[in-house]
$ cat data.pdb   # PDB, C-alpha atoms
ATOM      1  CA  MET A  65      14.233   2.235 -17.990
ATOM      2  CA  SER A  66      14.855   3.899 -21.278
ATOM      3  CA  ILE A  67      11.966   6.283 -21.689
ATOM      4  CA  TRP A  68      13.200   7.403 -25.070
ATOM      5  CA  ARG A  69      13.071   3.863 -26.419
ATOM      6  CA  GLN A  70       9.653   3.259 -24.941
ATOM      7  CA  LEU A  71       8.429   6.380 -26.667
ATOM      8  CA  VAL A  72       9.998   5.712 -30.060
ATOM      9  CA  ARG A  73       8.930   2.065 -30.227
ATOM     10  CA  GLY A  74       5.430   2.897 -29.073
ATOM     11  CA  LEU A  75       5.035   5.719 -31.567
ATOM     12  CA  ARG A  76       6.338   3.523 -34.347
ATOM     13  CA  ALA A  77       3.785   0.857 -33.493
ATOM     14  CA  LEU A  78       1.071   3.506 -33.418
ATOM     15  CA  THR A  79       1.944   5.178 -36.700
ATOM     16  CA  ASN A  80       3.046   2.128 -38.611
ATOM     17  CA  ARG A  81       1.103  -0.818 -37.243
ATOM     18  CA  PRO A  82       1.689  -3.038 -40.306
ATOM     19  CA  ALA A  83       5.468  -2.799 -39.960
ATOM     20  CA  ALA A  84       5.322  -3.534 -36.229
ATOM     21  CA  ASP A  85       3.023  -6.489 -36.885
ATOM     22  CA  ARG A  86       5.344  -7.766 -39.587
ATOM     23  CA  ASP A  87       8.247  -7.646 -37.143
ATOM     24  CA  ILE A  88       6.318  -9.732 -34.638
ATOM     25  CA  ALA A  89       5.107 -12.163 -37.307
ATOM     26  CA  ASP A  90       8.649 -12.572 -38.635
ATOM     27  CA  GLU A  91       9.993 -13.216 -35.180
ATOM     28  CA  VAL A  92       7.305 -15.821 -34.455
ATOM     29  CA  ALA A  93       7.926 -17.489 -37.834
ATOM     30  CA  ASP A  94      11.656 -17.516 -37.159
ATOM     31  CA  TYR A  95      11.027 -19.048 -33.735
ATOM     32  CA  LEU A  96       8.953 -21.811 -35.307
ATOM     33  CA  GLU A  97      11.623 -22.378 -37.940
ATOM     34  CA  HIS A  98      14.332 -22.813 -35.327
ATOM     35  CA  ALA A  99      12.136 -25.025 -33.174
ATOM     36  CA  THR A 100      11.467 -27.256 -36.182
ATOM     37  CA  ALA A 101      15.146 -27.380 -37.099
ATOM     38  CA  ALA A 102      16.044 -28.318 -33.530
ATOM     39  CA  LEU A 103      13.574 -31.217 -33.608
ATOM     40  CA  GLU A 104      14.837 -32.374 -36.996
ATOM     41  CA  ALA A 105      18.362 -32.368 -35.628
ATOM     42  CA  ARG A 106      17.197 -34.945 -33.106
ATOM     43  CA  GLY A 107      16.295 -37.251 -35.988
ATOM     44  CA  ILE A 108      12.610 -36.558 -36.294
ATOM     45  CA  SER A 109      11.174 -36.455 -39.819
ATOM     46  CA  PRO A 110      10.623 -32.924 -41.187
ATOM     47  CA  ASP A 111       6.838 -33.243 -41.268
ATOM     48  CA  GLU A 112       6.667 -34.629 -37.778
ATOM     49  CA  ALA A 113       9.105 -31.979 -36.543
ATOM     50  CA  ARG A 114       7.005 -29.184 -38.025
ATOM     51  CA  ARG A 115       3.849 -30.618 -36.473
ATOM     52  CA  THR A 116       5.436 -30.993 -33.032
ATOM     53  CA  ALA A 117       6.956 -27.518 -33.145
ATOM     54  CA  ARG A 118       3.569 -26.055 -34.085
ATOM     55  CA  MET A 119       1.944 -27.885 -31.204
ATOM     56  CA  ASP A 120       4.585 -26.683 -28.769
ATOM     57  CA  LEU A 121       4.186 -23.149 -29.925
ATOM     58  CA  GLY A 122       0.406 -23.172 -29.749
ATOM     59  CA  SER A 123      -1.586 -20.920 -32.005
ATOM     60  CA  ALA A 124       0.734 -18.563 -33.869
ATOM     61  CA  THR A 125      -2.023 -15.957 -34.039
ATOM     62  CA  ALA A 126      -2.563 -16.070 -30.303
ATOM     63  CA  LEU A 127       1.190 -15.789 -29.803
ATOM     64  CA  ARG A 128       1.430 -12.759 -32.094
ATOM     65  CA  GLU A 129      -1.457 -11.140 -30.297
ATOM     66  CA  GLN A 130       0.156 -11.789 -26.937
ATOM     67  CA  VAL A 131       3.402 -10.121 -27.978
ATOM     68  CA  ARG A 132       1.556  -7.334 -29.673
ATOM     69  CA  ALA A 133      -0.505  -6.574 -26.577
ATOM     70  CA  TYR A 134       2.608  -5.429 -24.743
ATOM     71  CA  GLY A 135       3.293  -1.722 -24.672
ATOM     72  CA  TRP A 136       1.739   1.557 -23.604
ATOM     73  CA  GLU A 137       0.595   2.312 -27.135
ATOM     74  CA  ASN A 138      -2.144  -0.308 -26.849
ATOM     75  CA  VAL A 139      -3.778   1.794 -24.157
ATOM     76  CA  ILE A 140      -4.096   4.795 -26.434
ATOM     77  CA  ALA A 141      -4.469   2.932 -29.727
ATOM     78  CA  ALA A 142      -8.251   3.409 -29.871
ATOM     79  CA  PRO A 143      -8.286   7.155 -29.077
ATOM     80  CA  PHE A 144      -5.355   7.578 -31.442
ATOM     81  CA  SER A 145      -7.247   5.993 -34.305
ATOM     82  CA  ASP A 146     -10.203   8.273 -33.502
ATOM     83  CA  LEU A 147      -7.820  11.184 -33.757
ATOM     84  CA  ARG A 148      -6.576  10.037 -37.127
ATOM     85  CA  TYR A 149     -10.137   9.642 -38.320
ATOM     86  CA  ALA A 150     -10.924  13.189 -37.187
ATOM     87  CA  ALA A 151      -7.848  14.557 -38.961
ATOM     88  CA  ARG A 152      -8.869  12.743 -42.139
ATOM     89  CA  ARG A 153     -12.374  14.193 -42.022
ATOM     90  CA  LEU A 154     -11.072  17.691 -41.361
ATOM     91  CA  ARG A 155      -8.707  17.469 -44.307
ATOM     92  CA  ARG A 156     -11.568  16.522 -46.580
ATOM     93  CA  ASN A 157     -13.624  19.534 -45.496
ATOM     94  CA  PRO A 158     -11.351  22.594 -45.651
ATOM     95  CA  GLY A 159     -14.117  25.202 -45.311
ATOM     96  CA  PHE A 160     -15.375  23.825 -42.044
ATOM     97  CA  THR A 161     -11.800  23.359 -40.842
ATOM     98  CA  THR A 162     -10.935  26.999 -41.599
ATOM     99  CA  VAL A 163     -13.974  28.266 -39.705
ATOM    100  CA  CYS A 164     -13.158  26.038 -36.743
ATOM    101  CA  VAL A 165      -9.525  27.098 -36.651
ATOM    102  CA  LEU A 166     -10.404  30.781 -36.920
ATOM    103  CA  THR A 167     -13.041  30.523 -34.185
ATOM    104  CA  LEU A 168     -10.605  28.777 -31.902
ATOM    105  CA  ALA A 169      -7.816  31.227 -32.702
ATOM    106  CA  LEU A 170      -9.992  34.268 -31.997
ATOM    107  CA  GLY A 171     -11.414  32.712 -28.846
ATOM    108  CA  ILE A 172      -8.052  31.738 -27.447
ATOM    109  CA  GLY A 173      -6.564  35.103 -28.416
ATOM    110  CA  ALA A 174      -9.355  37.058 -26.746
ATOM    111  CA  VAL A 175      -9.256  34.997 -23.585
ATOM    112  CA  SER A 176      -5.510  35.275 -23.229
ATOM    113  CA  ALA A 177      -5.636  39.041 -23.848
ATOM    114  CA  ILE A 178      -8.300  39.479 -21.173
ATOM    115  CA  PHE A 179      -6.433  37.266 -18.805
ATOM    116  CA  SER A 180      -3.169  39.154 -19.228
ATOM    117  CA  VAL A 181      -4.979  42.366 -18.276
ATOM    118  CA  ILE A 182      -6.616  40.735 -15.242
ATOM    119  CA  ASN A 183      -3.322  39.169 -14.267
ATOM    120  CA  GLY A 184      -1.504  42.494 -14.357
ATOM    121  CA  VAL A 185      -4.215  44.545 -12.698
ATOM    122  CA  LEU A 186      -5.771  42.173 -10.173
ATOM    123  CA  LEU A 187      -3.702  39.086  -9.573
ATOM    124  CA  LYS A 188      -0.036  40.047  -9.512
ATOM    125  CA  PRO A 189       1.044  41.469  -6.145
ATOM    126  CA  LEU A 190       2.302  45.045  -6.116
ATOM    127  CA  PRO A 191       6.054  45.331  -6.545
ATOM    128  CA  TYR A 192       6.884  45.930  -2.879
ATOM    129  CA  ARG A 193       8.798  43.711  -0.570
ATOM    130  CA  HIS A 194       5.852  43.267   1.862
ATOM    131  CA  PRO A 195       2.733  43.789  -0.205
ATOM    132  CA  ASP A 196       0.630  42.356   2.639
ATOM    133  CA  GLU A 197       1.549  45.368   4.805
ATOM    134  CA  LEU A 198       0.227  47.903   2.332
ATOM    135  CA  VAL A 199      -2.717  49.890   3.642
ATOM    136  CA  ASP A 200      -5.052  52.253   1.843
ATOM    137  CA  LEU A 201      -5.791  55.215   4.102
ATOM    138  CA  ASN A 202      -8.978  57.221   3.679
ATOM    139  CA  HIS A 203     -10.605  60.134   5.373
ATOM    140  CA  THR A 204     -14.272  59.785   5.995
ATOM    141  CA  ALA A 205     -16.894  61.905   7.721
ATOM    142  CA  PRO A 206     -19.977  59.744   8.245
ATOM    143  CA  GLY A 207     -21.612  62.364  10.484
ATOM    144  CA  VAL A 208     -22.105  64.667   7.571
ATOM    145  CA  ASN A 209     -22.618  61.773   5.128
ATOM    146  CA  PHE A 210     -19.310  62.360   3.434
ATOM    147  CA  PRO A 211     -17.793  58.930   2.744
ATOM    148  CA  ASP A 212     -14.590  59.995   1.061
ATOM    149  CA  ALA A 213     -12.997  63.218   2.179
ATOM    150  CA  ASP A 214      -9.759  64.223   0.482
ATOM    151  CA  PRO A 215      -7.015  65.016   2.992
ATOM    152  CA  ALA A 216      -5.489  68.456   2.828
ATOM    153  CA  PRO A 217      -1.744  68.537   2.080
ATOM    154  CA  PHE A 218      -0.962  69.742   5.617
ATOM    155  CA  LEU A 219      -2.627  66.595   6.998
ATOM    156  CA  TYR A 220      -0.425  64.454   4.826
ATOM    157  CA  PHE A 221       2.674  66.261   6.070
ATOM    158  CA  THR A 222       1.510  65.894   9.671
ATOM    159  CA  TYR A 223       0.941  62.181   9.245
ATOM    160  CA  ARG A 224       4.283  61.774   7.590
ATOM    161  CA  GLU A 225       6.290  63.752  10.122
ATOM    162  CA  GLN A 226       4.416  62.898  13.326
ATOM    163  CA  GLY A 227       2.733  59.575  12.622
ATOM    164  CA  ARG A 228       4.212  56.462  14.219
ATOM    165  CA  SER A 229       1.935  53.782  12.817
ATOM    166  CA  PHE A 230       3.442  53.551   9.350
ATOM    167  CA  GLN A 231       6.925  53.176   8.097
ATOM    168  CA  SER A 232       6.296  55.576   5.264
ATOM    169  CA  LEU A 233       3.389  57.322   3.670
ATOM    170  CA  GLY A 234       2.456  58.553   0.215
ATOM    171  CA  LEU A 235      -0.320  60.711  -1.130
ATOM    172  CA  TYR A 236      -2.126  60.218  -4.362
ATOM    173  CA  GLN A 237      -5.097  61.751  -5.971
ATOM    174  CA  TRP A 238      -7.291  60.787  -8.865
ATOM    175  CA  ASP A 239      -7.507  63.418 -11.491
ATOM    176  CA  SER A 240     -10.033  63.072 -14.234
ATOM    177  CA  ARG A 241      -8.599  65.790 -16.383
ATOM    178  CA  THR A 242      -5.294  64.130 -17.066
ATOM    179  CA  VAL A 243      -4.442  60.591 -18.030
ATOM    180  CA  THR A 244      -4.664  58.915 -14.621
ATOM    181  CA  GLY A 245      -1.782  60.588 -12.842
ATOM    182  CA  LEU A 246      -1.050  58.052 -10.155
ATOM    183  CA  SER A 247       1.983  58.112  -7.906
ATOM    184  CA  ALA A 248       2.682  55.100  -5.789
ATOM    185  CA  GLN A 249       1.806  54.899  -2.151
ATOM    186  CA  LYS A 250       3.943  53.010   0.256
ATOM    187  CA  THR A 251       2.844  52.411   3.806
ATOM    188  CA  ARG A 252       4.048  49.998   6.323
ATOM    189  CA  ASN A 253       3.044  49.032   9.859
ATOM    190  CA  ALA A 254       5.685  49.916  12.414
TER     191      ALA A 254
ATOM    192  CA  MET B 110      15.246 -36.011 -18.058
ATOM    193  CA  ASP B 111      12.674 -37.684 -15.885
ATOM    194  CA  GLU B 112      11.929 -34.558 -13.882
ATOM    195  CA  PRO B 113       8.702 -32.909 -14.944
ATOM    196  CA  ASN B 114       8.848 -29.784 -17.078
ATOM    197  CA  THR B 115       7.708 -26.713 -15.210
ATOM    198  CA  GLY B 116       7.323 -23.112 -16.153
ATOM    199  CA  VAL B 117      10.006 -20.682 -15.210
ATOM    200  CA  ILE B 118       9.557 -19.370 -11.666
ATOM    201  CA  GLN B 119       7.492 -16.226 -11.724
ATOM    202  CA  GLY B 120       9.586 -13.098 -11.937
ATOM    203  CA  THR B 121      12.824 -14.843 -12.859
ATOM    204  CA  LEU B 122      12.386 -15.002 -16.625
ATOM    205  CA  ASP B 123      13.922 -11.562 -17.165
ATOM    206  CA  MET B 124      16.956 -12.532 -15.131
ATOM    207  CA  LEU B 125      17.380 -15.823 -16.995
ATOM    208  CA  ILE B 126      17.127 -14.069 -20.362
ATOM    209  CA  LEU B 127      19.691 -11.464 -19.363
ATOM    210  CA  LYS B 128      22.021 -14.159 -18.058
ATOM    211  CA  THR B 129      21.677 -16.234 -21.229
ATOM    212  CA  LEU B 130      22.384 -13.232 -23.432
ATOM    213  CA  SER B 131      25.388 -12.256 -21.338
ATOM    214  CA  LEU B 132      27.101 -15.331 -22.801
ATOM    215  CA  GLU B 133      26.465 -14.421 -26.439
ATOM    216  CA  PRO B 134      23.898 -12.653 -28.641
ATOM    217  CA  MET B 135      21.030 -14.963 -29.535
ATOM    218  CA  HIS B 136      17.604 -15.155 -31.128
ATOM    219  CA  GLY B 137      14.446 -15.957 -29.215
ATOM    220  CA  PHE B 138      14.415 -19.700 -29.755
ATOM    221  CA  GLY B 139      18.119 -19.907 -28.873
ATOM    222  CA  ILE B 140      17.387 -18.329 -25.520
ATOM    223  CA  ALA B 141      14.498 -20.705 -24.813
ATOM    224  CA  ARG B 142      16.552 -23.748 -25.776
ATOM    225  CA  ARG B 143      19.524 -22.629 -23.730
ATOM    226  CA  ILE B 144      17.381 -22.116 -20.631
ATOM    227  CA  GLU B 145      15.815 -25.549 -21.082
ATOM    228  CA  GLN B 146      19.139 -27.255 -21.652
ATOM    229  CA  VAL B 147      21.087 -25.606 -18.863
ATOM    230  CA  SER B 148      18.252 -26.192 -16.388
ATOM    231  CA  ARG B 149      18.277 -29.820 -17.610
ATOM    232  CA  GLY B 150      14.709 -29.579 -18.694
ATOM    233  CA  VAL B 151      13.359 -28.394 -15.360
ATOM    234  CA  PHE B 152      12.272 -25.096 -16.844
ATOM    235  CA  LYS B 153      10.302 -24.893 -20.044
ATOM    236  CA  VAL B 154       9.986 -21.411 -21.428
ATOM    237  CA  ASN B 155       6.627 -20.408 -22.812
ATOM    238  CA  PRO B 156       7.219 -18.772 -26.227
ATOM    239  CA  GLY B 157       4.618 -16.091 -25.639
ATOM    240  CA  SER B 158       6.112 -15.094 -22.304
ATOM    241  CA  LEU B 159       9.578 -15.155 -23.800
ATOM    242  CA  LEU B 160       8.829 -12.964 -26.806
ATOM    243  CA  THR B 161       6.859 -10.530 -24.658
ATOM    244  CA  ALA B 162       9.684 -10.385 -22.147
ATOM    245  CA  LEU B 163      12.175  -9.738 -24.952
ATOM    246  CA  GLN B 164      10.008  -6.907 -26.196
ATOM    247  CA  ARG B 165       9.835  -5.458 -22.699
ATOM    248  CA  LEU B 166      13.557  -5.796 -22.052
ATOM    249  CA  GLU B 167      14.420  -4.301 -25.418
ATOM    250  CA  ARG B 168      12.198  -1.316 -24.779
ATOM    251  CA  GLY B 169      13.571  -0.959 -21.304
ATOM    252  CA  GLY B 170      17.034  -0.586 -22.782
ATOM    253  CA  TRP B 171      18.472  -3.782 -21.277
ATOM    254  CA  LEU B 172      18.737  -5.413 -24.709
ATOM    255  CA  ASP B 173      19.505  -4.302 -28.218
ATOM    256  CA  ALA B 174      17.721  -6.062 -31.046
ATOM    257  CA  GLU B 175      19.057  -6.414 -34.545
ATOM    258  CA  TRP B 176      17.446  -7.912 -37.609
ATOM    259  CA  ARG B 177      19.561 -10.338 -39.577
ATOM    260  CA  GLN B 178      18.870 -11.994 -42.866
ATOM    261  CA  THR B 179      18.923 -15.778 -42.568
ATOM    262  CA  GLU B 180      20.100 -18.132 -45.304
ATOM    263  CA  ASN B 181      16.545 -18.942 -46.400
ATOM    264  CA  SER B 182      15.903 -15.185 -46.737
ATOM    265  CA  ARG B 183      13.881 -14.855 -43.603
ATOM    266  CA  ARG B 184      14.419 -12.115 -41.086
ATOM    267  CA  ALA B 185      15.682 -13.155 -37.679
ATOM    268  CA  LYS B 186      15.833 -10.910 -34.656
ATOM    269  CA  VAL B 187      19.002 -11.283 -32.651
ATOM    270  CA  TYR B 188      19.255  -9.869 -29.151
ATOM    271  CA  ARG B 189      22.335  -8.582 -27.404
ATOM    272  CA  LEU B 190      22.881  -7.415 -23.828
ATOM    273  CA  THR B 191      23.444  -3.679 -23.367
ATOM    274  CA  ARG B 192      25.579  -2.087 -20.702
ATOM    275  CA  ALA B 193      22.425  -1.201 -18.762
ATOM    276  CA  GLY B 194      21.295  -4.810 -19.145
ATOM    277  CA  LYS B 195      24.558  -6.052 -17.691
ATOM    278  CA  LYS B 196      24.097  -3.818 -14.676
ATOM    279  CA  GLN B 197      20.510  -4.984 -14.330
ATOM    280  CA  LEU B 198      21.626  -8.600 -14.445
ATOM    281  CA  GLU B 199      24.107  -7.991 -11.636
ATOM    282  CA  ASN B 200      21.415  -6.358  -9.509
ATOM    283  CA  GLN B 201      18.894  -9.112 -10.163
ATOM    284  CA  THR B 202      21.429 -11.837  -9.509
ATOM    285  CA  ALA B 203      22.407 -10.324  -6.175
ATOM    286  CA  ASP B 204      18.761  -9.903  -5.241
ATOM    287  CA  TRP B 205      17.957 -13.464  -6.234
ATOM    288  CA  SER B 206      20.806 -14.989  -4.228
ATOM    289  CA  ARG B 207      19.685 -13.050  -1.196
ATOM    290  CA  ARG B 208      16.123 -14.364  -1.496
ATOM    291  CA  ALA B 209      17.123 -17.906  -2.421
ATOM    292  CA  SER B 210      19.455 -18.256   0.551
ATOM    293  CA  ALA B 211      16.747 -16.847   2.832
ATOM    294  CA  ILE B 212      14.293 -19.454   1.573
ATOM    295  CA  ALA B 213      16.892 -22.183   1.925
ATOM    296  CA  ARG B 214      17.489 -21.154   5.542
ATOM    297  CA  LEU B 215      13.769 -21.153   6.243
ATOM    298  CA  LEU B 216      13.278 -24.604   4.752
ATOM    299  CA  LYS B 217      16.224 -26.042   6.619
ATOM    300  CA  ALA B 218      15.198 -24.668  10.001
ATOM    301  CA  GLU B 219      14.160 -27.474  12.337
ATOM    302  CA  THR B 220      13.657 -25.726  15.596
ATOM    303  CA  TRP B 221      12.514 -22.188  16.092
TER     304      TRP B 221
END
$ encode --input "data.pdb" --output "structure tokens"
Amino acid sequence: MSIWRQLVRGLRALTNRPAADRDIADEVADYLEHATAALEARGISPDEARRTARMDLGSATALREQVRAYGWENVIAAPFSDLRYAARRLRRNPGFTTVCVLTLALGIGAVSAIFSVINGVLLKPLPYRHPDELVDLNHTAPGVNFPDADPAPFLYFTYREQGRSFQSLGLYQWDSRTVTGLSAQKTRNA
Amino acid sequence: MDEPNTGVIQGTLDMLILKTLSLEPMHGFGIARRIEQVSRGVFKVNPGSLLTALQRLERGGWLDAEWRQTENSRRAKVYRLTRAGKKQLENQTADWSRRASAIARLLKAETW
């Protein structure tokens, strides 16, 4: 199947229905002409030949409609004409069109900006080979109601040197005085 | 031509059109007449089915269509087989012979 041809012919019929209809009408007329000529060649009078050919062919309108009904464009012809109507109305009302376009542009822009932030911060996996093995390690002391106790540097060194549970270990600390100084942490189950 | 006219067997019209056009380029009525004549009047082609099939085959890329000016300044559409159409005809012919011989065997069978 030639998809390109399907597309081009369909679009032509959609955008220039009169020309497509003329093609079909011409072909049907030519068919009738030849049918008549063939009957005349058998010795039938021209009038009689024309009448017989017409009867054989059936209603020319019905025939044109039958040929015309073929094609994917007929499925979308109605929505397409709605679309053209909408475009026409929009062209005639530039103020409304401008407001609509601006609203849409701002809306789409804002949404895509927000999404790109969310995508980077929340959705994209961290750039490690096994992000599912990353673990966030915290010290906590519930007995004294201390949910988040910062580890002392010596604890970090002990964990790193002596610990067997993780492939490697990093330490980071939030600092409100500088612009979020954040060094990456890489841990991995052994 | 005492045999009754019948419509073309369902699903074979495309193949018959392709075959007819493999002989020479032709317009719609020429194809219909040729099919009627060669089948000795057994098959009568319905113009609506024929023109729709031509449309379909042209869009499918099996046929090329060309408008020609006739002597009485009408436009006539002349169809020609494409390379893809030729291939399609070969496939359909092979498929048809396979089915037809199967049916012939079934109809001839006397004992099971």
$ resolve_selection --input "data.pdb" --expression "the PyMOL selection byres ((chain B) within 12 of (chain A))" --output "PyMOL selection string"
chain B and resi 135-143+153-188+191+193-194+197
$ write_last_selection --input "data.pdb" --atoms "C-alpha atoms" --output "PDB file, in the frame of the given file"
ATOM      1  CA  MET B 135      21.030 -14.963 -29.535  1.00  0.00           C
ATOM      2  CA  HIS B 136      17.604 -15.155 -31.128  1.00  0.00           C
ATOM      3  CA  GLY B 137      14.446 -15.957 -29.215  1.00  0.00           C
ATOM      4  CA  PHE B 138      14.415 -19.700 -29.755  1.00  0.00           C
ATOM      5  CA  GLY B 139      18.119 -19.907 -28.873  1.00  0.00           C
ATOM      6  CA  ILE B 140      17.387 -18.329 -25.520  1.00  0.00           C
ATOM      7  CA  ALA B 141      14.498 -20.705 -24.813  1.00  0.00           C
ATOM      8  CA  ARG B 142      16.552 -23.748 -25.776  1.00  0.00           C
ATOM      9  CA  ARG B 143      19.524 -22.629 -23.730  1.00  0.00           C
ATOM     10  CA  LYS B 153      10.302 -24.893 -20.044  1.00  0.00           C
ATOM     11  CA  VAL B 154       9.986 -21.411 -21.428  1.00  0.00           C
ATOM     12  CA  ASN B 155       6.627 -20.408 -22.812  1.00  0.00           C
ATOM     13  CA  PRO B 156       7.219 -18.772 -26.227  1.00  0.00           C
ATOM     14  CA  GLY B 157       4.618 -16.091 -25.639  1.00  0.00           C
ATOM     15  CA  SER B 158       6.112 -15.094 -22.304  1.00  0.00           C
ATOM     16  CA  LEU B 159       9.578 -15.155 -23.800  1.00  0.00           C
ATOM     17  CA  LEU B 160       8.829 -12.964 -26.806  1.00  0.00           C
ATOM     18  CA  THR B 161       6.859 -10.530 -24.658  1.00  0.00           C
ATOM     19  CA  ALA B 162       9.684 -10.385 -22.147  1.00  0.00           C
ATOM     20  CA  LEU B 163      12.175  -9.738 -24.952  1.00  0.00           C
ATOM     21  CA  GLN B 164      10.008  -6.907 -26.196  1.00  0.00           C
ATOM     22  CA  ARG B 165       9.835  -5.458 -22.699  1.00  0.00           C
ATOM     23  CA  LEU B 166      13.557  -5.796 -22.052  1.00  0.00           C
ATOM     24  CA  GLU B 167      14.420  -4.301 -25.418  1.00  0.00           C
ATOM     25  CA  ARG B 168      12.198  -1.316 -24.779  1.00  0.00           C
ATOM     26  CA  GLY B 169      13.571  -0.959 -21.304  1.00  0.00           C
ATOM     27  CA  GLY B 170      17.034  -0.586 -22.782  1.00  0.00           C
ATOM     28  CA  TRP B 171      18.472  -3.782 -21.277  1.00  0.00           C
ATOM     29  CA  LEU B 172      18.737  -5.413 -24.709  1.00  0.00           C
ATOM     30  CA  ASP B 173      19.505  -4.302 -28.218  1.00  0.00           C
ATOM     31  CA  ALA B 174      17.721  -6.062 -31.046  1.00  0.00           C
ATOM     32  CA  GLU B 175      19.057  -6.414 -34.545  1.00  0.00           C
ATOM     33  CA  TRP B 176      17.446  -7.912 -37.609  1.00  0.00           C
ATOM     34  CA  ARG B 177      19.561 -10.338 -39.577  1.00  0.00           C
ATOM     35  CA  GLN B 178      18.870 -11.994 -42.866  1.00  0.00           C
ATOM     36  CA  THR B 179      18.923 -15.778 -42.568  1.00  0.00           C
ATOM     37  CA  GLU B 180      20.100 -18.132 -45.304  1.00  0.00           C
ATOM     38  CA  ASN B 181      16.545 -18.942 -46.400  1.00  0.00           C
ATOM     39  CA  SER B 182      15.903 -15.185 -46.737  1.00  0.00           C
ATOM     40  CA  ARG B 183      13.881 -14.855 -43.603  1.00  0.00           C
ATOM     41  CA  ARG B 184      14.419 -12.115 -41.086  1.00  0.00           C
ATOM     42  CA  ALA B 185      15.682 -13.155 -37.679  1.00  0.00           C
ATOM     43  CA  LYS B 186      15.833 -10.910 -34.656  1.00  0.00           C
ATOM     44  CA  VAL B 187      19.002 -11.283 -32.651  1.00  0.00           C
ATOM     45  CA  TYR B 188      19.255  -9.869 -29.151  1.00  0.00           C
ATOM     46  CA  THR B 191      23.444  -3.679 -23.367  1.00  0.00           C
ATOM     47  CA  ALA B 193      22.425  -1.201 -18.762  1.00  0.00           C
ATOM     48  CA  GLY B 194      21.295  -4.810 -19.145  1.00  0.00           C
ATOM     49  CA  GLN B 197      20.510  -4.984 -14.330  1.00  0.00           C
TER      50      GLN B 197
END
$ resolve_selection --input "data.pdb" --expression "the PyMOL selection byres ((chain B and resi 121) around 12)" --output "ChimeraX atom specification"
/B:116-120,122-128,144,152,154,158-159,162,198,201-202,204-206,208-209
$ atom_distance --input "data.pdb" --atom1 "CA of Asn200 in chain B" --atom2 "CA of Thr129 in chain B"
15.3 Å
$ atom_distance --input "data.pdb" --atom1 "CA of Leu186 in chain A" --atom2 "CA of Pro211 in chain A"
24.3 Å
$ atom_distance --input "data.pdb" --atom1 "CA of Ala77 in chain A" --atom2 "CA of Glu137 in chain A"
7.3 Å
$ decode --input "data.pdb" --residues "range 147-168 of chain A" --atoms "C-alpha atoms" --output "PDB file, in the first residue's frame"
ATOM      1  CA  LEU A 147     -12.216  22.877  11.935  1.00  0.00           C
ATOM      2  CA  ARG A 148     -12.345  25.079   8.876  1.00  0.00           C
ATOM      3  CA  TYR A 149     -15.392  26.834  10.253  1.00  0.00           C
ATOM      4  CA  ALA A 150     -13.562  27.467  13.530  1.00  0.00           C
ATOM      5  CA  ALA A 151     -10.523  28.838  11.698  1.00  0.00           C
ATOM      6  CA  ARG A 152     -12.771  31.150   9.689  1.00  0.00           C
ATOM      7  CA  ARG A 153     -14.450  32.486  12.820  1.00  0.00           C
ATOM      8  CA  LEU A 154     -11.126  33.008  14.566  1.00  0.00           C
ATOM      9  CA  ARG A 155      -9.769  34.939  11.608  1.00  0.00           C
ATOM     10  CA  ARG A 156     -12.750  37.252  11.703  1.00  0.00           C
ATOM     11  CA  ASN A 157     -12.229  38.019  15.392  1.00  0.00           C
ATOM     12  CA  PRO A 158      -8.537  38.846  15.884  1.00  0.00           C
ATOM     13  CA  GLY A 159      -8.883  40.276  19.406  1.00  0.00           C
ATOM     14  CA  PHE A 160     -10.421  37.143  20.811  1.00  0.00           C
ATOM     15  CA  THR A 161      -7.925  35.028  18.878  1.00  0.00           C
ATOM     16  CA  THR A 162      -4.971  36.962  20.326  1.00  0.00           C
ATOM     17  CA  VAL A 163      -6.251  36.546  23.878  1.00  0.00           C
ATOM     18  CA  CYS A 164      -6.814  32.834  23.325  1.00  0.00           C
ATOM     19  CA  VAL A 165      -3.382  32.301  21.819  1.00  0.00           C
ATOM     20  CA  LEU A 166      -1.665  34.247  24.589  1.00  0.00           C
ATOM     21  CA  THR A 167      -3.559  32.372  27.308  1.00  0.00           C
ATOM     22  CA  LEU A 168      -2.654  29.060  25.756  1.00  0.00           C
TER      23      LEU A 168
END
